[in-house]
Amino acid sequence: MADILTHANTADGKKEMALLEQFAAATYTNVITNQSDLDTKDRIMDEMLSWCKEQGTIAVLKSATILSCDPTSRTVQNCKSLMLSKGIHPGQVYAATRSFILLLLASGQDDEAVKRQKGETSSSFSDQQRHLRDLVYEAVRQGVSDIHIQVRQSYSKIRMRQHGELRIYAEWSEKLGREIASVAFNKETDHATSHFNPLIPQDASMPLRVNNKDIRLRLASVPAHGGFDMVMRILATGEEKIKTLEELGYTAEQVGIIKMAIKLPFGAVIVAGPTGAGKTTTLAACMEMVEPTQKLYSIEDPVEKVVESATQVPVNTEKEDRTFASMGRAALRMDPDVIILGEMRDEDTAHVMVRASITGHLVLTTLHTNRATAIVTRLVDMGISPILLSDSSVLRCLMCQRLVPKICQHCAIPVRNSAKHQPFIAGWEAVLGQETIDQAKGRGLGCPKCYSTGVSGRTVIAEVIWVDEEGRQFIQKCDTLGWEKYLKAQGWMDFRMRAIELIQQGICDPLDTEKVIGPINMATQSTKYKYD
Ligand SMILES: [Zn+2]
C-alpha cells in the first residue's frame, strides 16, 4: 500500500497522471483515482477479473465501465472484443490511475471464491452464463466428449463422458440445472429464436467462446419423468489439430494400405464402425492425405472442423433438397476430384457413392457396420447389386474401427496382481500363452494424472482390407466367410488379432477389449453347446 500511495509523487507517477488527464480532457471525462469517483454500487465484474488481472493495467466494472491506466492502448480494444464475445456490451472507457486499478483488481473475488459459489442458487443472469462457460471449459480441459445434465424434481446431476465412460461431475440444485439448460438454449445457440421447452425433444448447436477458444457444442434435450435430460456434445474444442491415422491407433501397415487407396484417381474408401467409434475423425485424417492439387468437396452434417483445402457443404436432413444424396449429386456437377460423404445413411447416398466412383472420382465415406467385410452385405442390403460392387472401379479399401480405452500407465497394474482379472486369467492364458499374460496390464484405481479414471484416452482397433481381384470374386458372391478365410491366409489382421497385440504391449486392458470386440478366447464362440 505504502508503495502505491507514494508512487503518485514520483516522477513516473506525475508523468502517468499527465497522460491520463490528457485522455480525460479529450473524452470530456475525469481521471478515476478512487472509489468515490464511481457509482457507489459499482464493483469489479467477475467474468472479466482473471483476464484483467493478467493485464494488470485495466479493470472492468459490473456496469461494463472500463478503467484503464493506458486508455489508448490495444489492451482496451482487446478488452472490448473479449466482452462482446461474452455477450457483454462494453461501456464507457475512463482513464484511471494504476494504483486504483490494482486496488480494484485485488478487491475482486478470486477464482477460488467463484468456484466455491458454484451450486448456489441465488445468481443473476450473467452468473448462469458464467456457470455454463465454467462447465464447458472444465469439460474441454479434461478431454470430455459429452456433458449430461439430468434435471429432476429435487436435484440436477451433471455427468461427463470421458474415454467413452460416464462419471459424476457435480450435483446441483434442480433450479440451477434448469437455469443452465435454459440459458444454453435461449441465449447461446445459433437459432436466436429457439426457446427452451423441457416438455418436448429439442436440439440446437451452440458456439461458445471461452478463454479465447472457439468451442462448438450440439445440444439435445428430451423430457423425462420428473424433469428432463440435456446432453451437450463437444464438437470442436477450438485447438485440436487433426490427428494422423498412426496417432489414432492404425498400424503402419494399415496406414500404408489406406494411403495407397487414397492415391488412386477413383474408387471408394469406406470407414465403418458403430456410432461413436470415431469414424468422422478417421475421415478427417484421410482428408488430410488428399493431394492439395485435387478439388475436394466434403458433404457434412454438421461441419465440425474447418478444413481450408476443402469446400465443406453442410447438410440439412430435414430438407429434401439438402440431404447427403442431393448435396453429393450437386457436388458431382462442380468438377470435383474427391468427394467426401460424411455418412451413407440411405440407399440414395449409397447410389451416389457408386456413381461417383464409376464416373472417375475418389469417394471417402462412412457406414454403420460392425465388421469390415460386412460393408459389402450392408451395401447389398441398401440396394446396390453385388455385380456393381465387385466392379474394379468401386470398392478399393474397406476399414472398420472401434475405440478401446488406453490404460493410464501411471497407475496401471499387472493383470496377475489384479483381483478383478483373476477369474479370467486361466482362460486367456490358454489362448494367448503365459508370456502375454505376464506382460498384460490392467486399469488401476486411478491417479491425479487420469482424473481417477485409470484411463488415458482411447485407441482405435481397426480392420483394413485392400480389395484385390480375389476379394472381388467373394464380393460378387456375397461370401463374407470365404473372403475372411482368404484374407486370414494372406496374413490379414482382424479385430481380435490387433486386440491381442495391444494387450501384449500393455496398452489396453483385456477386460476393456473384450467389452468392445467380444471374447478373446475364440473357443467360447465356436465350442458346441451341450444341451442337457
Ligand atoms: Zn492414472
# chains A, B, ... in the order shown; residues from 1 in each chain; ligands from 1
call {"tool": "closest_atom_pairs", "arguments": {"of": "region 163-266 of chain A", "to": "region 336-354 of chain A", "cutoff": "12 Å", "atoms": "only C-alpha atoms", "output": "JSON lines"}}
result
{"residue": "A:Ile262", "atom": "CA", "partner": "A:Val338", "partner_atom": "CA", "distance": 9.4}
{"residue": "A:Lys263", "atom": "CA", "partner": "A:Val338", "partner_atom": "CA", "distance": 10.7}
{"residue": "A:Leu264", "atom": "CA", "partner": "A:Val338", "partner_atom": "CA", "distance": 10.4}
{"residue": "A:Pro265", "atom": "CA", "partner": "A:Asp337", "partner_atom": "CA", "distance": 7.8}
{"residue": "A:Phe266", "atom": "CA", "partner": "A:Val338", "partner_atom": "CA", "distance": 8.2}
call {"tool": "write_last_selection", "arguments": {"atoms": "N, CA, C and O atoms", "output": "mmCIF file, in the first residue's frame"}}
result
data_model
loop_
_atom_site.group_PDB
_atom_site.id
_atom_site.type_symbol
_atom_site.label_atom_id
_atom_site.label_comp_id
_atom_site.auth_asym_id
_atom_site.auth_seq_id
_atom_site.Cartn_x
_atom_site.Cartn_y
_atom_site.Cartn_z
ATOM 1 N N ILE A 262 -5.941 -43.940 -51.286
ATOM 2 C CA ILE A 262 -6.260 -42.516 -51.454
ATOM 3 C C ILE A 262 -5.495 -41.912 -52.630
ATOM 4 O O ILE A 262 -5.918 -40.923 -53.217
ATOM 5 N N LYS A 263 -4.359 -42.554 -52.997
ATOM 6 C CA LYS A 263 -3.605 -42.061 -54.149
ATOM 7 C C LYS A 263 -4.269 -42.418 -55.474
ATOM 8 O O LYS A 263 -3.961 -41.844 -56.516
ATOM 9 N N LEU A 264 -5.202 -43.380 -55.439
ATOM 10 C CA LEU A 264 -5.866 -43.802 -56.680
ATOM 11 C C LEU A 264 -6.779 -42.685 -57.194
ATOM 12 O O LEU A 264 -7.341 -41.930 -56.404
ATOM 13 N N PRO A 265 -6.932 -42.574 -58.515
ATOM 14 C CA PRO A 265 -7.759 -41.489 -59.041
ATOM 15 C C PRO A 265 -9.256 -41.710 -58.815
ATOM 16 O O PRO A 265 -10.021 -40.759 -58.794
ATOM 17 N N PHE A 266 -9.683 -42.946 -58.668
ATOM 18 C CA PHE A 266 -11.113 -43.174 -58.449
ATOM 19 C C PHE A 266 -11.342 -44.424 -57.608
ATOM 20 O O PHE A 266 -10.436 -45.235 -57.415
#
call {"tool": "residues_near_ligand", "arguments": {"ligand": "ligand 1", "cutoff": "6 Å", "atoms": "only C-alpha atoms and all ligand atoms", "output": "list of chain:residue names"}}
result
A:Cys408, A:His410, A:Cys411, A:Gly446, A:Cys447, A:Lys449, A:Cys450, A:Gly454
call {"tool": "write_last_selection", "arguments": {"atoms": "all heavy atoms", "output": "PDB file, in the first residue's frame"}}
result
ATOM      1  N   CYS A 408      -4.068 -45.874 -18.229  1.00  0.00           N
ATOM      2  CA  CYS A 408      -3.169 -44.835 -17.711  1.00  0.00           C
ATOM      3  C   CYS A 408      -1.942 -45.556 -17.162  1.00  0.00           C
ATOM      4  O   CYS A 408      -2.045 -46.353 -16.235  1.00  0.00           O
ATOM      5  CB  CYS A 408      -3.849 -44.031 -16.597  1.00  0.00           C
ATOM      6  SG  CYS A 408      -2.685 -43.016 -15.675  1.00  0.00           S
ATOM      7  N   HIS A 410       0.437 -44.499 -15.461  1.00  0.00           N
ATOM      8  CA  HIS A 410       0.905 -44.058 -14.142  1.00  0.00           C
ATOM      9  C   HIS A 410       0.290 -44.854 -13.008  1.00  0.00           C
ATOM     10  O   HIS A 410       0.801 -44.856 -11.900  1.00  0.00           O
ATOM     11  CB  HIS A 410       0.607 -42.569 -13.946  1.00  0.00           C
ATOM     12  CG  HIS A 410       1.285 -41.711 -14.965  1.00  0.00           C
ATOM     13  ND1 HIS A 410       2.595 -41.336 -14.860  1.00  0.00           N
ATOM     14  CD2 HIS A 410       0.833 -41.201 -16.137  1.00  0.00           C
ATOM     15  CE1 HIS A 410       2.936 -40.619 -15.911  1.00  0.00           C
ATOM     16  NE2 HIS A 410       1.879 -40.521 -16.702  1.00  0.00           N
ATOM     17  N   CYS A 411      -0.850 -45.507 -13.266  1.00  0.00           N
ATOM     18  CA  CYS A 411      -1.478 -46.258 -12.180  1.00  0.00           C
ATOM     19  C   CYS A 411      -1.874 -47.667 -12.628  1.00  0.00           C
ATOM     20  O   CYS A 411      -2.692 -48.316 -11.988  1.00  0.00           O
ATOM     21  CB  CYS A 411      -2.674 -45.484 -11.611  1.00  0.00           C
ATOM     22  SG  CYS A 411      -3.940 -45.105 -12.820  1.00  0.00           S
ATOM     23  N   GLY A 446      -6.757 -45.515 -10.477  1.00  0.00           N
ATOM     24  CA  GLY A 446      -6.810 -44.114 -10.877  1.00  0.00           C
ATOM     25  C   GLY A 446      -5.834 -43.272 -10.090  1.00  0.00           C
ATOM     26  O   GLY A 446      -5.462 -43.613  -8.965  1.00  0.00           O
ATOM     27  N   CYS A 447      -5.393 -42.179 -10.714  1.00  0.00           N
ATOM     28  CA  CYS A 447      -4.452 -41.269 -10.071  1.00  0.00           C
ATOM     29  C   CYS A 447      -4.769 -39.851 -10.571  1.00  0.00           C
ATOM     30  O   CYS A 447      -5.619 -39.694 -11.438  1.00  0.00           O
ATOM     31  CB  CYS A 447      -3.022 -41.684 -10.433  1.00  0.00           C
ATOM     32  SG  CYS A 447      -2.649 -41.554 -12.189  1.00  0.00           S
ATOM     33  N   LYS A 449      -3.214 -38.023 -12.575  1.00  0.00           N
ATOM     34  CA  LYS A 449      -2.911 -37.851 -13.997  1.00  0.00           C
ATOM     35  C   LYS A 449      -4.091 -38.247 -14.882  1.00  0.00           C
ATOM     36  O   LYS A 449      -4.205 -37.764 -16.007  1.00  0.00           O
ATOM     37  CB  LYS A 449      -1.699 -38.707 -14.385  1.00  0.00           C
ATOM     38  CG  LYS A 449      -0.437 -38.220 -13.739  1.00  0.00           C
ATOM     39  CD  LYS A 449       0.618 -37.921 -14.769  1.00  0.00           C
ATOM     40  CE  LYS A 449       1.890 -37.528 -14.071  1.00  0.00           C
ATOM     41  NZ  LYS A 449       2.657 -36.534 -14.704  1.00  0.00           N
ATOM     42  N   CYS A 450      -4.902 -39.167 -14.407  1.00  0.00           N
ATOM     43  CA  CYS A 450      -6.005 -39.659 -15.253  1.00  0.00           C
ATOM     44  C   CYS A 450      -7.358 -39.258 -14.657  1.00  0.00           C
ATOM     45  O   CYS A 450      -8.368 -39.877 -14.970  1.00  0.00           O
ATOM     46  CB  CYS A 450      -5.907 -41.155 -15.468  1.00  0.00           C
ATOM     47  SG  CYS A 450      -5.895 -42.122 -13.948  1.00  0.00           S
ATOM     48  N   GLY A 454      -8.280 -44.191 -14.375  1.00  0.00           N
ATOM     49  CA  GLY A 454      -7.454 -45.335 -14.767  1.00  0.00           C
ATOM     50  C   GLY A 454      -7.213 -45.397 -16.267  1.00  0.00           C
ATOM     51  O   GLY A 454      -6.622 -46.337 -16.774  1.00  0.00           O
TER      52      GLY A 454
END
call {"tool": "residues_around", "arguments": {"residues": "Ser456 (chain A)", "least_positions_apart": "2", "cutoff": "10 Å", "atoms": "only C-alpha atoms", "output": "PyMOL selection string"}}
result
chain A and resi 143+162-163+405-410+449-451+453-454+458-459+507
call {"tool": "write_last_selection", "arguments": {"atoms": "all heavy atoms", "output": "compact mmCIF listing (two decimals), in the first residue's frame"}}
result
# COMPACT_ATOMS: atom_id res chain seq x y z
N GLY A 143 -10.83 -33.17 -21.51
CA GLY A 143 -10.98 -34.05 -22.67
C GLY A 143 -12.27 -34.84 -22.67
O GLY A 143 -12.33 -35.99 -23.10
N GLN A 162 -16.11 -39.40 -20.59
CA GLN A 162 -14.70 -39.25 -20.92
C GLN A 162 -14.17 -40.62 -21.29
O GLN A 162 -14.43 -41.60 -20.58
CB GLN A 162 -13.96 -38.70 -19.70
CG GLN A 162 -12.55 -38.29 -20.00
CD GLN A 162 -11.85 -37.79 -18.74
OE1 GLN A 162 -12.22 -38.18 -17.64
NE2 GLN A 162 -10.85 -36.97 -18.92
N HIS A 163 -13.46 -40.72 -22.38
CA HIS A 163 -12.97 -42.00 -22.90
C HIS A 163 -14.11 -43.00 -22.99
O HIS A 163 -13.96 -44.18 -22.70
CB HIS A 163 -11.88 -42.60 -22.00
CG HIS A 163 -10.84 -41.63 -21.56
ND1 HIS A 163 -10.24 -40.75 -22.44
CD2 HIS A 163 -10.31 -41.37 -20.34
CE1 HIS A 163 -9.37 -40.01 -21.76
NE2 HIS A 163 -9.41 -40.35 -20.49
N PRO A 405 -10.42 -48.11 -24.54
CA PRO A 405 -9.68 -47.26 -23.60
C PRO A 405 -8.21 -47.68 -23.52
O PRO A 405 -7.89 -48.87 -23.58
CB PRO A 405 -10.37 -47.53 -22.26
CG PRO A 405 -11.71 -48.08 -22.60
CD PRO A 405 -11.56 -48.79 -23.92
N LYS A 406 -7.34 -46.67 -23.40
CA LYS A 406 -5.91 -46.94 -23.17
C LYS A 406 -5.67 -46.82 -21.67
O LYS A 406 -6.14 -45.88 -21.04
CB LYS A 406 -5.06 -45.89 -23.91
CG LYS A 406 -4.84 -46.22 -25.35
CD LYS A 406 -3.68 -45.42 -25.94
CE LYS A 406 -3.98 -43.95 -26.01
NZ LYS A 406 -3.02 -43.19 -26.81
N ILE A 407 -4.89 -47.75 -21.15
CA ILE A 407 -4.62 -47.75 -19.71
C ILE A 407 -3.74 -46.54 -19.34
O ILE A 407 -2.78 -46.25 -20.05
CB ILE A 407 -3.86 -49.03 -19.31
CG1 ILE A 407 -4.64 -50.26 -19.74
CG2 ILE A 407 -3.56 -49.05 -17.83
CD1 ILE A 407 -3.83 -51.55 -19.65
N CYS A 408 -4.07 -45.87 -18.23
CA CYS A 408 -3.17 -44.84 -17.71
C CYS A 408 -1.94 -45.56 -17.16
O CYS A 408 -2.04 -46.35 -16.24
CB CYS A 408 -3.85 -44.03 -16.60
SG CYS A 408 -2.69 -43.02 -15.68
N GLN A 409 -0.77 -45.26 -17.76
CA GLN A 409 0.43 -46.01 -17.38
C GLN A 409 0.94 -45.61 -15.99
O GLN A 409 1.76 -46.32 -15.42
CB GLN A 409 1.53 -45.82 -18.44
CG GLN A 409 1.17 -46.38 -19.81
CD GLN A 409 0.97 -47.90 -19.83
OE1 GLN A 409 1.54 -48.63 -19.02
NE2 GLN A 409 0.13 -48.39 -20.74
N HIS A 410 0.44 -44.50 -15.46
CA HIS A 410 0.90 -44.06 -14.14
C HIS A 410 0.29 -44.85 -13.01
O HIS A 410 0.80 -44.86 -11.90
CB HIS A 410 0.61 -42.57 -13.95
CG HIS A 410 1.28 -41.71 -14.96
ND1 HIS A 410 2.60 -41.34 -14.86
CD2 HIS A 410 0.83 -41.20 -16.14
CE1 HIS A 410 2.94 -40.62 -15.91
NE2 HIS A 410 1.88 -40.52 -16.70
N LYS A 449 -3.21 -38.02 -12.58
CA LYS A 449 -2.91 -37.85 -14.00
C LYS A 449 -4.09 -38.25 -14.88
O LYS A 449 -4.21 -37.76 -16.01
CB LYS A 449 -1.70 -38.71 -14.38
CG LYS A 449 -0.44 -38.22 -13.74
CD LYS A 449 0.62 -37.92 -14.77
CE LYS A 449 1.89 -37.53 -14.07
NZ LYS A 449 2.66 -36.53 -14.70
N CYS A 450 -4.90 -39.17 -14.41
CA CYS A 450 -6.01 -39.66 -15.25
C CYS A 450 -7.36 -39.26 -14.66
O CYS A 450 -8.37 -39.88 -14.97
CB CYS A 450 -5.91 -41.15 -15.47
SG CYS A 450 -5.90 -42.12 -13.95
N TYR A 451 -7.38 -38.22 -13.82
CA TYR A 451 -8.60 -37.78 -13.15
C TYR A 451 -9.33 -38.96 -12.51
O TYR A 451 -10.54 -39.13 -12.65
CB TYR A 451 -9.53 -37.03 -14.12
CG TYR A 451 -8.89 -35.81 -14.74
CD1 TYR A 451 -8.43 -35.84 -16.04
CD2 TYR A 451 -8.74 -34.65 -13.99
CE1 TYR A 451 -7.82 -34.73 -16.59
CE2 TYR A 451 -8.14 -33.54 -14.54
CZ TYR A 451 -7.68 -33.58 -15.85
OH TYR A 451 -7.08 -32.48 -16.39
N THR A 453 -9.62 -42.03 -13.35
CA THR A 453 -10.38 -42.95 -14.20
C THR A 453 -9.59 -44.22 -14.53
O THR A 453 -10.16 -45.22 -14.95
CB THR A 453 -10.76 -42.29 -15.54
OG1 THR A 453 -9.56 -41.87 -16.19
CG2 THR A 453 -11.66 -41.09 -15.34
N GLY A 454 -8.28 -44.19 -14.37
CA GLY A 454 -7.45 -45.33 -14.77
C GLY A 454 -7.21 -45.40 -16.27
O GLY A 454 -6.62 -46.34 -16.77
N ARG A 458 -8.26 -42.97 -25.73
CA ARG A 458 -8.68 -44.23 -26.37
C ARG A 458 -7.87 -44.47 -27.63
O ARG A 458 -7.35 -43.54 -28.23
CB ARG A 458 -10.18 -44.17 -26.72
CG ARG A 458 -11.04 -44.30 -25.48
CD ARG A 458 -12.49 -44.43 -25.81
NE ARG A 458 -13.05 -43.19 -26.31
CZ ARG A 458 -14.31 -43.07 -26.71
NH1 ARG A 458 -15.11 -44.13 -26.70
NH2 ARG A 458 -14.77 -41.92 -27.13
N THR A 459 -7.77 -45.70 -28.03
CA THR A 459 -7.07 -46.02 -29.27
C THR A 459 -8.03 -46.74 -30.21
O THR A 459 -8.97 -47.39 -29.77
CB THR A 459 -5.82 -46.89 -29.01
OG1 THR A 459 -5.21 -47.16 -30.28
CG2 THR A 459 -6.17 -48.23 -28.37
N ILE A 507 -1.00 -51.84 -23.55
CA ILE A 507 -1.70 -50.58 -23.86
C ILE A 507 -3.17 -50.66 -23.46
O ILE A 507 -3.74 -49.70 -22.97
CB ILE A 507 -1.54 -50.25 -25.36
CG1 ILE A 507 -0.07 -49.98 -25.68
CG2 ILE A 507 -2.42 -49.06 -25.77
CD1 ILE A 507 0.26 -49.81 -27.14
call {"tool": "closest_residue", "arguments": {"among": "A:Pro519, A:Pro448, A:Gly427, A:Gly87", "to": "Gln142 (chain A)", "atoms": "only C-alpha atoms"}}
result
A:Pro448
call {"tool": "closest_residue", "arguments": {"among": "A:Arg402, A:Arg371, A:His131, A:Arg472", "to": "Val516 (chain A)", "atoms": "only C-alpha atoms"}}
result
A:Arg402
call {"tool": "atom_distance", "arguments": {"atom1": "CA of Gln153 (chain A)", "atom2": "CA of Ala224 (chain A)"}}
result
10.6 Å
call {"tool": "closest_residue", "arguments": {"among": "A:Lys213, A:Ala489, A:Val269, A:Tyr297", "to": "Val394 (chain A)", "atoms": "only C-alpha atoms"}}
result
A:Val269
call {"tool": "closest_residue", "arguments": {"among": "A:Cys52, A:Met327, A:Val464, A:Val303", "to": "Ala252 (chain A)", "atoms": "only C-alpha atoms"}}
result
A:Val464
call {"tool": "select_by_dssp", "arguments": {"residues": "region 327-371 of chain A", "states": "strand (DSSP E or B)", "output": "JSON, numbers by chain"}}
result
{"A": [338, 339, 340, 341, 362, 363, 364, 365, 366, 367]}
call {"tool": "atom_distance", "arguments": {"atom1": "CA of Cys478 (chain A)", "atom2": "CA of Leu367 (chain A)"}}
result
17.5 Å
